[in-house]
$ cat structure22.csv   # CSV, C-alpha atoms
chain,number,residue,atom,x,y,z
H,476,MET,CA,71.7,97.2,85.0
H,477,THR,CA,73.2,100.7,85.0
H,478,ARG,CA,72.6,102.6,88.1
H,479,THR,CA,71.2,106.0,87.1
H,480,ALA,CA,71.7,107.7,90.5
H,481,MET,CA,72.0,107.1,94.2
H,482,LEU,CA,69.3,107.6,96.7
H,483,HIS,CA,69.5,111.0,98.4
H,484,LEU,CA,67.9,111.2,101.8
H,485,ASP,CA,67.5,114.4,103.9
H,486,ALA,CA,65.8,115.2,107.2
H,487,ARG,CA,63.9,118.4,106.8
H,488,GLY,CA,62.3,120.4,109.6
H,489,GLU,CA,61.4,118.4,112.6
H,490,ARG,CA,59.1,115.8,111.2
H,491,GLU,CA,60.0,115.1,107.5
H,492,ILE,CA,62.3,112.8,105.5
H,493,VAL,CA,62.8,113.6,101.9
H,494,MET,CA,64.1,110.9,99.5
H,495,THR,CA,65.1,111.5,95.9
H,496,ARG,CA,66.2,109.1,93.2
H,497,GLU,CA,66.4,109.5,89.4
H,498,PHE,CA,65.4,106.7,87.1
H,499,ASP,CA,66.2,106.2,83.4
H,500,ALA,CA,62.5,105.9,82.4
H,501,PRO,CA,59.7,108.1,81.5
H,502,ARG,CA,57.4,109.1,84.4
H,503,HIS,CA,54.4,107.3,83.1
H,504,LEU,CA,56.3,104.0,83.5
H,505,VAL,CA,57.6,105.0,86.9
H,506,TYR,CA,54.0,105.8,87.9
H,507,GLU,CA,52.8,102.5,86.5
H,508,ALA,CA,55.4,100.6,88.6
H,509,LEU,CA,54.3,102.5,91.7
H,510,THR,CA,50.6,101.8,91.3
H,511,THR,CA,50.2,98.5,89.5
H,512,PRO,CA,50.0,95.5,92.0
H,513,ALA,CA,51.7,93.1,89.6
H,514,LEU,CA,54.7,95.5,89.2
H,515,ILE,CA,54.8,96.5,92.9
H,516,ARG,CA,55.1,92.9,93.9
H,517,ARG,CA,58.3,92.8,91.8
H,518,TRP,CA,60.2,95.6,93.5
H,519,LEU,CA,58.8,96.8,96.8
H,520,GLY,CA,60.5,95.1,99.8
H,521,VAL,CA,61.2,91.9,97.9
H,522,MET,CA,64.8,91.2,98.8
H,523,GLU,CA,66.9,89.0,100.9
H,524,GLY,CA,64.3,86.3,101.4
H,525,TRP,CA,61.3,88.6,101.5
H,526,SER,CA,58.3,88.3,99.2
H,527,MET,CA,55.1,90.3,99.0
H,528,ALA,CA,52.2,88.0,100.0
H,529,VAL,CA,49.4,90.7,99.8
H,530,CYS,CA,49.3,93.7,97.4
H,531,ASP,CA,45.9,95.3,97.3
H,532,VAL,CA,45.6,98.7,95.6
H,533,ASP,CA,42.3,100.7,95.2
H,534,LEU,CA,43.9,103.7,93.4
H,535,ARG,CA,41.4,106.5,93.9
H,536,VAL,CA,41.1,109.4,96.4
H,537,GLY,CA,39.6,107.7,99.5
H,538,GLY,CA,40.7,104.3,98.3
H,539,SER,CA,43.2,102.2,100.2
H,540,PHE,CA,46.2,100.1,99.8
H,541,ARG,CA,47.4,97.0,101.8
H,542,TYR,CA,50.8,95.4,101.6
H,543,GLN,CA,52.0,92.4,103.5
H,544,TRP,CA,55.4,90.8,103.2
H,545,ARG,CA,56.7,87.4,104.3
H,546,GLY,CA,60.2,87.0,105.4
H,547,PRO,CA,62.6,84.3,106.5
H,548,GLY,CA,61.2,82.0,109.2
H,549,GLY,CA,57.6,83.0,108.3
H,550,VAL,CA,57.8,86.5,109.8
H,551,THR,CA,55.3,88.9,108.4
H,552,LEU,CA,55.2,92.7,108.1
H,553,GLY,CA,52.1,94.6,107.0
H,554,MET,CA,51.2,98.1,106.3
H,555,ARG,CA,48.2,100.0,105.0
H,556,GLY,CA,47.1,103.5,104.0
H,557,VAL,CA,44.5,105.7,102.3
H,558,TYR,CA,45.0,107.7,99.2
H,559,ARG,CA,44.4,111.5,99.8
H,560,GLU,CA,45.4,112.9,96.4
H,561,ILE,CA,46.2,111.3,93.0
H,562,VAL,CA,47.4,113.2,89.9
H,563,PRO,CA,48.2,110.4,87.4
H,564,ASP,CA,51.8,110.3,86.4
H,565,GLN,CA,52.7,113.2,88.7
H,566,ARG,CA,51.7,113.0,92.3
H,567,ILE,CA,50.3,110.6,95.0
H,568,VAL,CA,49.6,111.5,98.6
H,569,SER,CA,48.7,108.8,101.0
H,570,THR,CA,48.7,107.8,104.7
H,571,GLU,CA,50.8,104.9,106.0
H,572,VAL,CA,50.6,102.9,109.1
H,573,PHE,CA,52.3,99.6,109.9
H,574,ASP,CA,50.3,96.7,111.5
H,575,GLU,CA,52.9,96.5,114.3
H,576,SER,CA,54.1,100.0,114.2
H,577,TRP,CA,57.8,100.5,115.0
H,578,TYR,CA,57.3,104.3,115.2
H,579,PRO,CA,54.4,106.2,116.8
H,580,GLY,CA,51.5,107.6,114.8
H,581,GLU,CA,50.5,107.7,111.2
H,582,ALA,CA,52.7,109.1,108.5
H,583,VAL,CA,51.7,110.9,105.3
H,584,GLY,CA,53.8,110.3,102.2
H,585,THR,CA,53.9,112.5,99.1
H,586,VAL,CA,55.4,111.0,95.9
H,587,GLU,CA,56.2,113.5,93.1
H,588,LEU,CA,57.4,112.5,89.6
H,589,VAL,CA,59.2,115.0,87.4
H,590,GLU,CA,60.4,114.0,83.9
H,591,ARG,CA,63.3,115.6,82.0
H,592,SER,CA,64.5,114.2,78.7
H,593,GLY,CA,63.0,110.8,79.3
H,594,ARG,CA,64.4,110.5,82.9
H,595,THR,CA,62.3,110.7,85.9
H,596,THR,CA,63.1,112.1,89.3
H,597,LEU,CA,61.0,110.5,92.1
H,598,THR,CA,60.8,112.5,95.3
H,599,THR,CA,59.1,111.0,98.3
H,600,THR,CA,58.4,113.3,101.3
H,601,VAL,CA,57.2,111.5,104.4
H,602,LEU,CA,55.7,113.6,107.2
H,603,TYR,CA,55.7,111.9,110.6
H,604,SER,CA,53.4,112.6,113.5
H,605,SER,CA,56.3,113.8,115.7
H,606,ARG,CA,60.1,114.4,115.7
H,607,GLU,CA,60.5,111.2,117.8
H,608,ALA,CA,58.7,109.2,115.1
H,609,ARG,CA,60.9,110.7,112.3
H,610,ASP,CA,64.1,110.1,114.3
H,611,ALA,CA,63.2,106.5,115.0
H,612,VAL,CA,62.8,105.9,111.3
H,613,LEU,CA,66.2,107.7,110.6
H,614,LYS,CA,67.8,105.3,113.1
H,615,SER,CA,66.4,102.2,111.4
H,616,PRO,CA,67.7,100.5,108.3
H,617,MET,CA,65.0,102.2,106.3
H,618,GLU,CA,67.5,104.1,104.1
H,619,SER,CA,69.3,101.0,102.9
H,620,GLY,CA,65.9,99.2,102.4
H,621,VAL,CA,64.6,102.0,100.2
H,622,ALA,CA,67.8,102.1,98.2
H,623,LYS,CA,67.7,98.4,97.6
H,624,GLY,CA,64.0,98.6,96.6
H,625,TYR,CA,64.7,101.5,94.2
H,626,ASP,CA,67.6,99.4,92.7
H,627,GLN,CA,65.0,96.6,92.1
H,628,LEU,CA,62.6,99.2,90.7
H,629,ASP,CA,65.3,100.1,88.1
H,630,VAL,CA,65.3,96.4,87.0
H,631,VAL,CA,61.5,96.4,86.7
H,632,LEU,CA,61.5,99.7,84.7
H,633,ALA,CA,64.2,98.3,82.3
H,634,SER,CA,62.0,95.3,81.7
H,635,LEU,CA,59.1,97.5,80.8
H,636,GLY,CA,60.8,99.5,78.1
H,637,SER,CA,58.2,101.6,76.3
H,638,GLY,CA,55.6,98.9,76.2
H,639,GLY,CA,53.9,99.1,79.7
H,640,ALA,CA,53.2,96.4,82.2
H,641,ALA,CA,55.0,93.1,81.7
$ encode --input "structure22.csv" --output "structure tokens"
Amino acid sequence: MTRTAMLHLDARGEREIVMTREFDAPRHLVYEALTTPALIRRWLGVMEGWSMAVCDVDLRVGGSFRYQWRGPGGVTLGMRGVYREIVPDQRIVSTEVFDESWYPGEAVGTVELVERSGRTTLTTTVLYSSREARDAVLKSPMESGVAKGYDQLDVVLASLGSGGAA
């Protein structure tokens, strides 16, 4: 695997985190890997002894998603959200809340995909309910977890080539 770019993370304003990463794949494949349960299970949070036990996606405005991971020693971590906006291959806006929230309130994530010359820049902006919630996330190992997940997404995208879901 050739790493196309590093994850860039910035705190913006008082309540936002902006994460940007470039992938060597067209945006329709990146979108597919972000929205197809069989592909999500292969890259999102599945590292260092963790697996995705539940991956339910109802990809429509007003639809919901539910993820649950199993980790070492049988520990579980779950999250859910509702889709607020979907522009296929370009933009997804959804809420997010963890079953056992480690930060207060609900967050809203906006994923934007921009393709240039067959490479896609994925930008995720997360708006938290308060500065305290955002700062709690910044103090967590979230950045390294997202970076590892995106490295695994690189592997999944390489396996897709131009043929779609594998």
$ residues_near_point --input "structure22.csv" --point "(57.4, 96.5, 99.4)" --cutoff "12 Å" --atoms "all atoms listed in the file" --output "ChimeraX atom specification"
/H:508-510,512-522,525-531,540-546,551-555,617,620-625,627-628
$ residues_around --input "structure22.csv" --residues "range 561-569 of chain H" --least-positions-apart "3" --cutoff "7 Å" --atoms "all atoms listed in the file" --output "list in words"
Arg502, His503, Tyr506, Arg535, Val536, Gly556, Val557, Tyr558, Val583, Gly584, Thr585, Val586, Glu587, Leu588 and Val589 of chain H
$ atom_distance --input "structure22.csv" --atom1 "CA of Leu602 in chain H" --atom2 "CA of Ile492 in chain H"
6.9 Å
$ residues_around --input "structure22.csv" --residues "Arg487 in chain H" --least-positions-apart "6" --cutoff "10 Å" --atoms "all atoms listed in the file" --output "PyMOL selection string"
chain H and resi 493+600-602+609
$ atom_distance --input "structure22.csv" --atom1 "CA of Phe498 in chain H" --atom2 "CA of Met481 in chain H"
9.7 Å
$ atom_distance --input "structure22.csv" --atom1 "CA of Leu632 in chain H" --atom2 "CA of Glu507 in chain H"
9.3 Å
$ closest_residue --input "structure22.csv" --among "H:Asp533, H:Glu523, H:Asp610, H:Glu571" --to "Arg490 in chain H" --atoms "all atoms listed in the file"
H:Asp610
$ closest_residue --input "structure22.csv" --among "H:Ser634, H:Thr511, H:Pro616, H:Arg606" --to "Gly488 in chain H" --atoms "only C-alpha atoms"
H:Arg606
$ closest_residue --input "structure22.csv" --among "H:Gly636, H:Gly549, H:Gly538, H:Pro579" --to "Glu607 in chain H" --atoms "all atoms listed in the file"
H:Pro579
$ closest_residue --input "structure22.csv" --among "H:Leu484, H:Thr570, H:Tyr603, H:Asp499" --to "Ser619 in chain H" --atoms "all atoms listed in the file"
H:Leu484
$ closest_residue --input "structure22.csv" --among "H:Arg559, H:Arg496, H:Asp574, H:Glu489" --to "Leu613 in chain H" --atoms "all atoms listed in the file"
H:Glu489
$ build_atoms --input "structure22.csv" --residues "range 603-631 of chain H" --atoms "N, CA and C atoms" --output "tab-separated table (two decimals), keeping the file's coordinate frame"
chain	number	residue	atom	x	y	z
H	603	TYR	N	55.97	112.71	109.42
H	603	TYR	CA	55.70	111.90	110.60
H	603	TYR	C	54.89	112.68	111.62
H	604	SER	N	54.25	111.99	112.53
H	604	SER	CA	53.40	112.60	113.50
H	604	SER	C	54.22	113.42	114.57
H	605	SER	N	55.50	113.09	114.68
H	605	SER	CA	56.30	113.80	115.70
H	605	SER	C	57.81	113.67	115.26
H	606	ARG	N	58.61	114.48	115.90
H	606	ARG	CA	60.10	114.40	115.70
H	606	ARG	C	60.58	113.03	116.14
H	607	GLU	N	60.03	112.53	117.24
H	607	GLU	CA	60.50	111.20	117.80
H	607	GLU	C	60.22	110.12	116.76
H	608	ALA	N	59.06	110.17	116.11
H	608	ALA	CA	58.70	109.20	115.10
H	608	ALA	C	59.72	109.25	113.93
H	609	ARG	N	59.94	110.47	113.44
H	609	ARG	CA	60.90	110.70	112.30
H	609	ARG	C	62.28	110.19	112.69
H	610	ASP	N	62.73	110.54	113.89
H	610	ASP	CA	64.10	110.10	114.30
H	610	ASP	C	64.20	108.64	114.48
H	611	ALA	N	63.13	107.97	114.92
H	611	ALA	CA	63.20	106.50	115.00
H	611	ALA	C	63.34	105.89	113.64
H	612	VAL	N	62.68	106.44	112.65
H	612	VAL	CA	62.80	105.90	111.30
H	612	VAL	C	64.24	106.20	110.77
H	613	LEU	N	64.79	107.37	111.05
H	613	LEU	CA	66.20	107.70	110.60
H	613	LEU	C	67.18	106.72	111.24
H	614	LYS	N	66.92	106.22	112.44
H	614	LYS	CA	67.80	105.30	113.10
H	614	LYS	C	67.69	103.87	112.64
H	615	SER	N	66.63	103.59	111.91
H	615	SER	CA	66.40	102.20	111.40
H	615	SER	C	67.14	101.99	110.12
H	616	PRO	N	67.08	100.76	109.61
H	616	PRO	CA	67.70	100.50	108.30
H	616	PRO	C	66.86	100.91	107.11
H	617	MET	N	65.92	101.81	107.33
H	617	MET	CA	65.00	102.20	106.30
H	617	MET	C	65.76	102.75	105.03
H	618	GLU	N	66.78	103.55	105.21
H	618	GLU	CA	67.50	104.10	104.10
H	618	GLU	C	68.06	103.05	103.15
H	619	SER	N	68.72	102.06	103.73
H	619	SER	CA	69.30	101.00	102.90
H	619	SER	C	68.17	100.15	102.26
H	620	GLY	N	67.07	99.96	102.96
H	620	GLY	CA	65.90	99.20	102.40
H	620	GLY	C	65.32	99.94	101.21
H	621	VAL	N	65.12	101.24	101.34
H	621	VAL	CA	64.60	102.00	100.20
H	621	VAL	C	65.54	102.00	99.05
H	622	ALA	N	66.83	102.17	99.32
H	622	ALA	CA	67.80	102.10	98.20
H	622	ALA	C	67.79	100.81	97.49
H	623	LYS	N	67.71	99.71	98.21
H	623	LYS	CA	67.70	98.40	97.60
H	623	LYS	C	66.36	98.23	96.78
H	624	GLY	N	65.26	98.71	97.33
H	624	GLY	CA	64.00	98.60	96.60
H	624	GLY	C	64.04	99.44	95.32
H	625	TYR	N	64.63	100.63	95.37
H	625	TYR	CA	64.70	101.50	94.20
H	625	TYR	C	65.68	100.84	93.15
H	626	ASP	N	66.72	100.14	93.61
H	626	ASP	CA	67.60	99.40	92.70
H	626	ASP	C	66.77	98.34	91.95
H	627	GLN	N	65.90	97.66	92.69
H	627	GLN	CA	65.00	96.60	92.10
H	627	GLN	C	64.01	97.30	91.15
H	628	LEU	N	63.52	98.48	91.53
H	628	LEU	CA	62.60	99.20	90.70
H	628	LEU	C	63.29	99.54	89.33
H	629	ASP	N	64.58	99.86	89.36
H	629	ASP	CA	65.30	100.10	88.10
H	629	ASP	C	65.25	98.86	87.21
H	630	VAL	N	65.38	97.69	87.79
H	630	VAL	CA	65.30	96.40	87.00
H	630	VAL	C	63.92	96.28	86.40
H	631	VAL	N	62.89	96.54	87.19
H	631	VAL	CA	61.50	96.40	86.70
H	631	VAL	C	61.30	97.44	85.56
